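Structure data (compact mmCIF, C-alpha atoms) from start_12.txt:
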```
# COMPACT_ATOMS: atom_id res chain seq x y z
CA MET A 1 0.00 0.00 0.00
CA PRO A 2 2.68 2.60 0.87
CA LEU A 3 4.45 1.65 -2.33
CA ARG A 4 1.31 2.41 -4.26
CA THR A 5 0.89 5.80 -2.60
CA ALA A 6 4.48 6.60 -3.43
CA SER A 7 4.03 5.75 -7.09
CA LEU A 8 0.83 7.78 -7.23
CA PHE A 9 2.77 10.66 -5.68
CA MET A 10 5.48 10.28 -8.29
CA ALA A 11 2.92 10.25 -11.06
CA ALA A 12 1.38 13.44 -9.68
CA ILE A 13 4.81 15.13 -9.70
CA MET A 14 5.46 13.96 -13.25
CA ALA A 15 2.08 15.31 -14.36
CA ALA A 16 2.76 18.64 -12.64
CA LEU A 17 6.14 18.87 -14.38
CA LEU A 18 4.62 18.10 -17.76
CA LEU A 19 1.86 20.66 -17.22
CA GLY A 20 4.49 23.12 -16.05
CA THR A 21 6.42 22.91 -19.32
CA SER A 22 3.29 23.34 -21.40
CA VAL A 23 2.30 26.40 -19.34
CA ALA A 24 5.68 27.95 -20.09
CA TYR A 25 4.75 28.00 -23.79
CA ALA A 26 1.16 29.11 -23.27
CA ILE A 27 1.46 31.71 -26.05
CA ALA A 28 3.37 29.50 -28.48
CA PRO A 29 2.35 25.98 -27.52
CA GLU A 30 3.53 24.50 -30.81
CA GLN A 31 6.28 21.93 -30.49
CA MET A 32 8.86 21.28 -33.15
CA PRO A 33 9.94 17.68 -33.88
CA THR A 34 13.61 18.17 -32.94
CA PRO A 35 15.31 20.32 -30.27
CA GLN A 36 17.41 22.03 -32.98
CA LEU A 37 14.29 23.12 -34.87
CA GLU A 38 12.65 24.14 -31.62
CA THR A 39 15.61 26.39 -30.75
CA ARG A 40 15.61 28.00 -34.19
CA TYR A 41 11.84 28.42 -34.07
CA LEU A 42 11.92 30.13 -30.68
CA ALA A 43 14.80 32.40 -31.76
CA LEU A 44 13.00 33.34 -34.99
CA ILE A 45 9.65 34.21 -33.43
CA GLN A 46 11.40 36.42 -30.88
CA GLY A 47 12.98 38.43 -33.69
CA PHE A 48 9.74 39.32 -35.47
CA ARG A 49 7.35 42.06 -34.51
CA CYS A 50 3.67 41.31 -34.08
CA MET A 51 2.16 43.64 -36.69
CA GLN A 52 -1.00 44.22 -34.68
CA CYS A 53 0.50 44.99 -31.26
CA GLN A 54 3.79 46.30 -32.68
CA ASP A 55 5.72 46.42 -29.42
CA GLU A 56 5.45 42.69 -28.82
CA SER A 57 7.28 39.90 -30.59
CA LEU A 58 5.51 37.05 -32.35
CA ALA A 59 6.62 34.89 -29.43
CA ASP A 60 4.80 37.04 -26.88
CA SER A 61 1.70 38.08 -28.76
CA PRO A 62 -1.64 36.40 -28.09
CA VAL A 63 -3.45 37.77 -31.17
CA ASN A 64 -4.69 35.51 -33.97
CA LEU A 65 -2.48 37.05 -36.65
CA ALA A 66 0.63 36.28 -34.59
CA ALA A 67 -0.51 32.67 -34.29
CA ASP A 68 -0.97 32.52 -38.08
CA MET A 69 2.49 33.96 -38.61
CA ARG A 70 4.05 31.50 -36.16
CA ARG A 71 2.37 28.71 -38.10
CA GLN A 72 3.82 30.13 -41.32
CA ILE A 73 7.31 30.16 -39.78
CA ARG A 74 6.86 26.64 -38.42
CA ASP A 75 5.75 25.36 -41.82
CA MET A 76 8.75 26.98 -43.50
CA LEU A 77 11.14 25.47 -40.93
CA LEU A 78 9.61 22.04 -41.46
CA ALA A 79 9.95 22.54 -45.22
CA GLY A 80 13.70 22.94 -44.68
CA LYS A 81 13.99 26.70 -45.20
CA THR A 82 16.95 28.50 -43.64
CA ASP A 83 16.53 31.24 -41.04
CA GLN A 84 17.65 33.78 -43.65
CA GLN A 85 15.06 32.56 -46.18
CA ILE A 86 12.34 32.88 -43.54
CA ARG A 87 13.46 36.38 -42.58
CA ASP A 88 13.60 37.41 -46.27
CA PHE A 89 10.09 36.06 -46.80
CA MET A 90 8.65 37.98 -43.85
CA VAL A 91 10.41 41.18 -44.94
CA SER A 92 9.15 40.73 -48.52
CA ARG A 93 5.55 40.73 -47.22
CA TYR A 94 5.68 43.13 -44.27
CA GLY A 95 8.78 45.25 -44.83
CA TYR A 96 11.74 45.84 -42.51
CA PHE A 97 9.31 47.02 -39.86
CA ILE A 98 8.69 43.39 -38.94
CA LEU A 99 12.30 42.91 -37.80
CA PHE A 100 13.02 44.03 -34.26
CA LYS A 101 16.68 44.57 -35.17
CA PRO A 102 17.00 46.94 -38.14
CA PRO A 103 19.25 45.40 -40.83
CA PHE A 104 22.19 47.24 -42.38
CA VAL A 105 20.87 48.31 -45.78
CA LEU A 106 21.11 51.52 -47.81
CA LYS A 107 17.94 52.90 -46.21
CA THR A 108 19.19 52.36 -42.66
CA ALA A 109 22.88 53.05 -43.26
CA TRP A 110 22.63 56.52 -41.70
CA LEU A 111 21.16 54.95 -38.56
CA TRP A 112 24.16 52.69 -38.08
CA LEU A 113 26.86 55.07 -39.38
CA THR A 114 25.88 58.37 -37.75
CA PRO A 115 27.27 57.49 -34.28
CA GLY A 116 30.63 56.56 -35.82
CA VAL A 117 30.73 59.73 -37.92
CA LEU A 118 29.89 61.85 -34.86
CA LEU A 119 32.60 60.11 -32.86
CA LEU A 120 35.12 60.81 -35.62
CA VAL A 121 34.12 64.49 -35.74
CA GLY A 122 34.46 64.68 -31.95
CA VAL A 123 37.92 63.11 -32.00
CA LEU A 124 39.10 65.49 -34.78
CA VAL A 125 37.78 68.55 -32.91
CA ALA A 126 39.38 67.36 -29.67
CA LEU A 127 42.72 66.77 -31.44
CA ARG A 128 42.65 70.26 -32.92
CA VAL A 129 41.85 71.87 -29.59
CA ILE A 130 44.59 69.92 -27.84
CA ARG A 131 47.15 70.89 -30.51
CA GLN A 132 46.16 74.55 -30.37
CA ARG A 133 46.48 74.59 -26.58
CA ALA A 134 49.85 72.86 -26.77
CA ALA A 135 51.04 75.44 -29.32
CA LEU A 136 49.76 78.28 -27.09
CA ALA A 137 51.56 76.87 -24.07
CA ALA A 138 54.75 76.64 -26.11
CA THR A 139 54.56 80.29 -27.24
CA ASP A 140 53.82 81.34 -23.64
CA LEU A 141 57.03 79.67 -22.56
CA GLU A 142 58.98 81.32 -25.36
CA ASP A 143 57.55 84.70 -24.36
CA ASN A 144 58.59 84.11 -20.77
CA ASP A 145 62.04 83.17 -21.92
CA LEU A 146 62.29 86.40 -23.90
CA THR A 147 61.14 88.62 -21.05
CA ASP A 148 63.43 86.88 -18.62
CA ALA A 149 66.40 87.37 -20.83
CA MET B 1 35.77 84.57 -35.41
CA SER B 2 34.66 84.59 -31.76
CA ARG B 3 31.17 85.64 -32.83
CA LEU B 4 31.00 82.67 -35.22
CA ARG B 5 32.02 80.39 -32.36
CA PHE B 6 29.05 81.63 -30.40
CA ILE B 7 26.54 81.50 -33.25
CA LEU B 8 27.52 78.18 -34.80
CA PRO B 9 26.29 75.95 -31.94
CA LEU B 10 23.05 77.92 -31.83
CA LEU B 11 22.59 77.40 -35.58
CA LEU B 12 23.30 73.70 -35.22
CA PHE B 13 20.80 73.51 -32.37
CA ALA B 14 18.17 75.32 -34.46
CA LEU B 15 18.84 72.89 -37.30
CA LEU B 16 18.30 69.92 -34.97
CA VAL B 17 15.04 71.42 -33.69
CA ALA B 18 13.86 71.86 -37.29
CA VAL B 19 14.80 68.28 -38.22
CA PHE B 20 12.96 66.83 -35.22
CA ALA B 21 9.92 69.09 -35.70
CA ILE B 22 9.57 68.07 -39.35
CA GLY B 23 10.25 64.45 -38.46
CA ILE B 24 7.54 64.37 -35.82
CA ARG B 25 5.00 66.26 -37.90
CA GLU B 26 5.58 64.42 -41.16
CA SER B 27 6.14 60.94 -39.77
CA PRO B 28 3.54 58.58 -41.16
CA ASP B 29 0.96 57.17 -38.78
CA LYS B 30 2.55 54.27 -36.93
CA ASP B 31 -0.59 52.24 -37.66
CA LEU B 32 -0.05 52.58 -41.41
CA ILE B 33 2.89 50.43 -42.39
CA PRO B 34 3.92 50.90 -46.03
CA SER B 35 3.61 47.69 -48.04
CA PRO B 36 6.79 46.33 -49.64
CA LEU B 37 4.56 44.73 -52.30
CA ILE B 38 3.85 48.03 -54.06
CA GLY B 39 5.42 47.98 -57.52
CA LYS B 40 5.93 44.22 -57.20
CA PRO B 41 3.90 41.31 -58.58
CA ALA B 42 0.87 40.43 -56.47
CA PRO B 43 1.09 36.98 -54.86
CA ASP B 44 -0.09 34.10 -57.02
CA PHE B 45 -3.03 32.32 -55.49
CA SER B 46 -5.74 29.79 -56.17
CA LEU B 47 -8.41 29.70 -53.48
CA PRO B 48 -11.93 28.32 -53.10
CA ASN B 49 -14.76 30.57 -54.28
CA LEU B 50 -17.00 31.65 -51.39
CA THR B 51 -20.27 31.34 -53.26
CA ASP B 52 -19.34 28.02 -54.90
CA PRO B 53 -16.57 26.16 -53.04
CA ALA B 54 -16.20 23.73 -55.94
CA GLN B 55 -14.93 26.63 -58.06
CA ARG B 56 -11.65 28.42 -57.52
CA VAL B 57 -10.59 32.03 -57.69
CA SER B 58 -7.06 32.39 -59.02
CA SER B 59 -4.64 35.15 -59.85
CA THR B 60 -4.34 33.83 -63.41
CA GLN B 61 -8.08 34.43 -63.98
CA LEU B 62 -7.59 38.01 -62.86
CA ARG B 63 -4.65 38.72 -65.19
CA GLY B 64 -5.48 41.30 -67.82
CA HIS B 65 -7.84 43.29 -65.64
CA TRP B 66 -7.53 46.06 -63.13
CA TYR B 67 -9.03 44.96 -59.84
CA LEU B 68 -9.28 45.90 -56.19
CA LEU B 69 -8.54 43.06 -53.77
CA ASN B 70 -10.46 43.82 -50.60
CA VAL B 71 -9.58 41.87 -47.44
CA TRP B 72 -12.62 41.57 -45.18
CA GLY B 73 -14.48 39.38 -42.72
CA THR B 74 -17.87 39.50 -41.04
CA TRP B 75 -16.08 39.61 -37.66
CA CYS B 76 -14.48 42.91 -38.66
CA GLY B 77 -16.39 46.01 -37.61
CA SER B 78 -14.53 48.44 -39.85
CA CYS B 79 -15.38 46.24 -42.85
CA ARG B 80 -19.06 46.83 -42.15
CA MET B 81 -18.30 50.54 -42.02
CA GLU B 82 -16.86 50.54 -45.53
CA HIS B 83 -19.53 48.24 -46.98
CA SER B 84 -21.75 51.02 -48.37
CA MET B 85 -18.69 52.56 -50.03
CA LEU B 86 -17.86 49.20 -51.63
CA LEU B 87 -21.40 49.00 -52.99
CA ARG B 88 -20.97 52.47 -54.50
CA ILE B 89 -17.67 51.42 -56.10
CA LYS B 90 -19.47 48.46 -57.63
CA GLN B 91 -22.21 50.79 -58.93
CA SER B 92 -19.61 53.06 -60.49
CA GLY B 93 -18.64 50.12 -62.73
CA LEU B 94 -15.08 51.45 -62.89
CA ILE B 95 -13.24 48.52 -61.35
CA PRO B 96 -14.26 45.08 -60.07
CA LEU B 97 -13.86 44.26 -56.40
CA VAL B 98 -12.35 40.91 -55.58
CA GLY B 99 -13.08 39.90 -52.00
CA LEU B 100 -10.66 37.98 -49.81
CA ASP B 101 -12.83 36.59 -47.03
CA TRP B 102 -10.28 36.35 -44.22
CA LYS B 103 -10.66 33.71 -41.50
CA ASP B 104 -14.41 33.90 -41.68
CA ASP B 105 -17.32 31.55 -41.24
CA ARG B 106 -18.83 30.72 -44.63
CA ASP B 107 -22.46 30.88 -43.49
CA ASP B 108 -21.87 34.18 -41.68
CA ALA B 109 -20.25 35.63 -44.80
CA LEU B 110 -23.03 34.48 -47.12
CA SER B 111 -25.85 35.73 -44.91
CA PHE B 112 -24.07 39.06 -44.38
CA LEU B 113 -23.78 39.58 -48.13
CA LYS B 114 -27.41 38.55 -48.64
CA GLN B 115 -28.56 41.12 -46.11
CA GLU B 116 -26.25 44.02 -46.90
CA GLY B 117 -25.68 43.49 -50.61
CA ASP B 118 -22.73 41.90 -52.39
CA PRO B 119 -20.26 44.41 -53.86
CA TYR B 120 -17.84 41.75 -55.08
CA ALA B 121 -17.32 40.40 -58.58
CA THR B 122 -15.86 37.30 -57.00
CA ILE B 123 -14.78 36.26 -53.52
CA ALA B 124 -11.82 34.08 -52.57
CA VAL B 125 -11.80 32.29 -49.22
CA ASP B 126 -8.77 32.40 -46.93
CA ARG B 127 -9.96 30.03 -44.26
CA ASP B 128 -6.76 29.67 -42.20
CA GLY B 129 -5.21 33.09 -42.81
CA SER B 130 -2.18 31.94 -44.76
CA GLU B 131 -3.09 33.86 -47.93
CA ALA B 132 -3.38 37.09 -45.94
CA ILE B 133 0.24 36.65 -44.82
CA MET B 134 1.29 36.36 -48.49
CA TRP B 135 -0.22 39.82 -49.05
CA GLY B 136 1.30 41.25 -45.87
CA VAL B 137 -2.12 41.87 -44.36
CA TYR B 138 -2.08 42.86 -40.69
CA GLY B 139 -5.62 44.05 -40.14
CA ALA B 140 -8.90 44.20 -42.02
CA PRO B 141 -10.02 45.94 -44.05
CA GLU B 142 -7.10 46.37 -46.43
CA THR B 143 -7.48 47.01 -50.14
CA PHE B 144 -4.92 46.42 -52.89
CA LEU B 145 -5.10 47.96 -56.35
CA VAL B 146 -3.69 45.52 -58.92
CA ASN B 147 -3.07 46.30 -62.59
CA PRO B 148 -3.63 44.00 -65.61
CA GLN B 149 0.00 42.82 -65.45
CA GLY B 150 -0.62 41.66 -61.90
CA ILE B 151 1.49 44.40 -60.28
CA VAL B 152 0.36 45.88 -56.96
CA ILE B 153 -0.07 49.62 -57.63
CA TYR B 154 -1.41 50.84 -54.32
CA LYS B 155 -2.55 49.65 -50.90
CA TYR B 156 -5.18 51.34 -48.80
CA ILE B 157 -5.29 50.41 -45.12
CA GLY B 158 -8.55 50.82 -43.19
CA PRO B 159 -12.14 51.35 -44.34
CA ILE B 160 -12.31 53.02 -47.75
CA THR B 161 -13.85 56.46 -47.45
CA GLU B 162 -15.34 58.62 -50.20
CA GLN B 163 -12.17 60.70 -49.94
CA ALA B 164 -9.88 57.68 -50.28
CA TRP B 165 -11.80 56.53 -53.34
CA THR B 166 -11.78 59.87 -55.15
CA GLN B 167 -8.33 61.07 -54.11
CA GLN B 168 -6.24 57.92 -53.80
CA ILE B 169 -7.76 55.14 -55.89
CA LEU B 170 -9.55 56.86 -58.81
CA PRO B 171 -6.53 58.91 -59.91
CA ARG B 172 -4.52 55.70 -60.21
CA LEU B 173 -6.96 54.10 -62.63
CA PRO B 174 -6.50 54.48 -66.38
CA MET B 175 -9.61 56.50 -67.13
CA ASN B 176 -9.74 55.47 -70.77
CA GLN B 177 -10.78 51.96 -69.89
CA THR B 178 -13.65 50.60 -67.86
CA ALA B 179 -12.53 47.47 -66.10
CA ALA B 180 -16.06 46.55 -65.07
CA ALA B 181 -16.15 43.59 -67.41
CA GLY B 182 -13.50 42.11 -65.11
CA ALA B 183 -13.16 39.13 -63.00
CA SER B 184 -16.61 37.60 -62.80
CA SER B 185 -16.06 35.17 -65.66
```
Please express the file's structure as structure tokens.
Amino acid sequence: MPLRTASLFMAAIMAALLLGTSVAYAIAPEQMPTPQLETRYLALIQGFRCMQCQDESLADSPVNLAADMRRQIRDMLLAGKTDQQIRDFMVSRYGYFILFKPPFVLKTAWLWLTPGVLLLVGVLVALRVIRQRAALAATDLEDNDLTDA
Amino acid sequence: MSRLRFILPLLLFALLVAVFAIGIRESPDKDLIPSPLIGKPAPDFSLPNLTDPAQRVSSTQLRGHWYLLNVWGTWCGSCRMEHSMLLRIKQSGLIPLVGLDWKDDRDDALSFLKQEGDPYATIAVDRDGSEAIMWGVYGAPETFLVNPQGIVIYKYIGPITEQAWTQQILPRLPMNQTAAAGASS
């Protein structure tokens, strides 16, 4: 009898654990056949914006459209498409807006390059100022030398 | 020289203010996301016909005609708002409306059209929502203007108003042709 209670107890724990994992994916309950695909799937849906809520990713959004888009991504993964092919497909339908991380393309080049350009300008200005001050200090010294003499 | 040193930062600051002011004022509505499909071929499709599921509605049938693809559903309140405008577009006879019934219940759709009038030349059914993704749809109603070569010319997001019809869609139509004989065949 105690053995039976123990096994029932174990079964209850197992059930709780199983339920626990399914609760963790309440928004995206779909399971991929292999862990590798599952990892890629989860990474992909976190990188796309839900077009209806806009500040949520496809992984976090509960709306129907997000579920449809997750299904689309799942189907493409199962069909053997690469992550890049899936991203290109989504961008070709919804534009770059769907990517949470803006890509480096002609249209967004200024976004990525401006900080570097500003840094360069700052460094050049600082260099000039430092050189001017150094030159001033040098002439001051020369002047002093002259007056002392 | 010293005066320039004083004025230059102020000028730069004024320039920044102007850039931000224009940026904020002119920035498109965040709800209206420009479609990357404009100027590109419309997606190829072959979907069941709403009124006769044995028949199909396909992009090849629509080739050679101007048409408006209107994404709608009976569950969508804004689609009901634009319905009278769609009926007027049909009456104008200028361009056929092709419906894409998005994730809808067939009986609901049919009874809605029976009650309110059917503005569509033909209606394709997107039962599971995968066709809508092909068109980059993110909310109904959305309307795509497609030319006879199958190129997407324009996308209107939200219920079509009188203003949208006369100012956005009509000017894009070739006025020398009436496309009314379109897609019903």
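CA of Gly80 (chain A) sits 9.8 Å away from CA of Leu37 (chain A).
Proximity ranking of A:Ser57, A:Gln36, A:Gln31, A:Asn64 relative to chain B places A:Asn64 first, based on all atoms listed in the file.
The part of chain B that reaches within 8 Å of chain A is made up of Ile33, Pro34, Ser35, Pro36, Leu37, Asp128, Gly129, Ser130, Ile133, Met134, Trp135, Gly136, Val137, Tyr138 and Gly139 of chain B, counting only C-alpha atoms.
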Write a file of the selected residues as a compact mmCIF listing (two decimals), keeping the file's coordinate frame, keeping C-alpha atoms.
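Generated output (part-v5.txt):
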```txt
# COMPACT_ATOMS: atom_id res chain seq x y z
CA ILE B 33 2.89 50.43 -42.39
CA PRO B 34 3.92 50.90 -46.03
CA SER B 35 3.61 47.69 -48.04
CA PRO B 36 6.79 46.33 -49.64
CA LEU B 37 4.56 44.73 -52.30
CA ASP B 128 -6.76 29.67 -42.20
CA GLY B 129 -5.21 33.09 -42.81
CA SER B 130 -2.18 31.94 -44.76
CA ILE B 133 0.24 36.65 -44.82
CA MET B 134 1.29 36.36 -48.49
CA TRP B 135 -0.22 39.82 -49.05
CA GLY B 136 1.30 41.25 -45.87
CA VAL B 137 -2.12 41.87 -44.36
CA TYR B 138 -2.08 42.86 -40.69
CA GLY B 139 -5.62 44.05 -40.14
```
Cut-off 10 Å around (9.8, 37.3, -34.2) with all atoms listed in the file: residues as a PyMOL selection string: chain A and resi 41-50+56-61+66+69-70+73+87+90+98-100
Pro119 (chain B) environment, 6 Å, only C-alpha atoms, sequence neighbours closer than 6 positions dropped, as a VMD selection string: chain B and resid 86 to 87 90
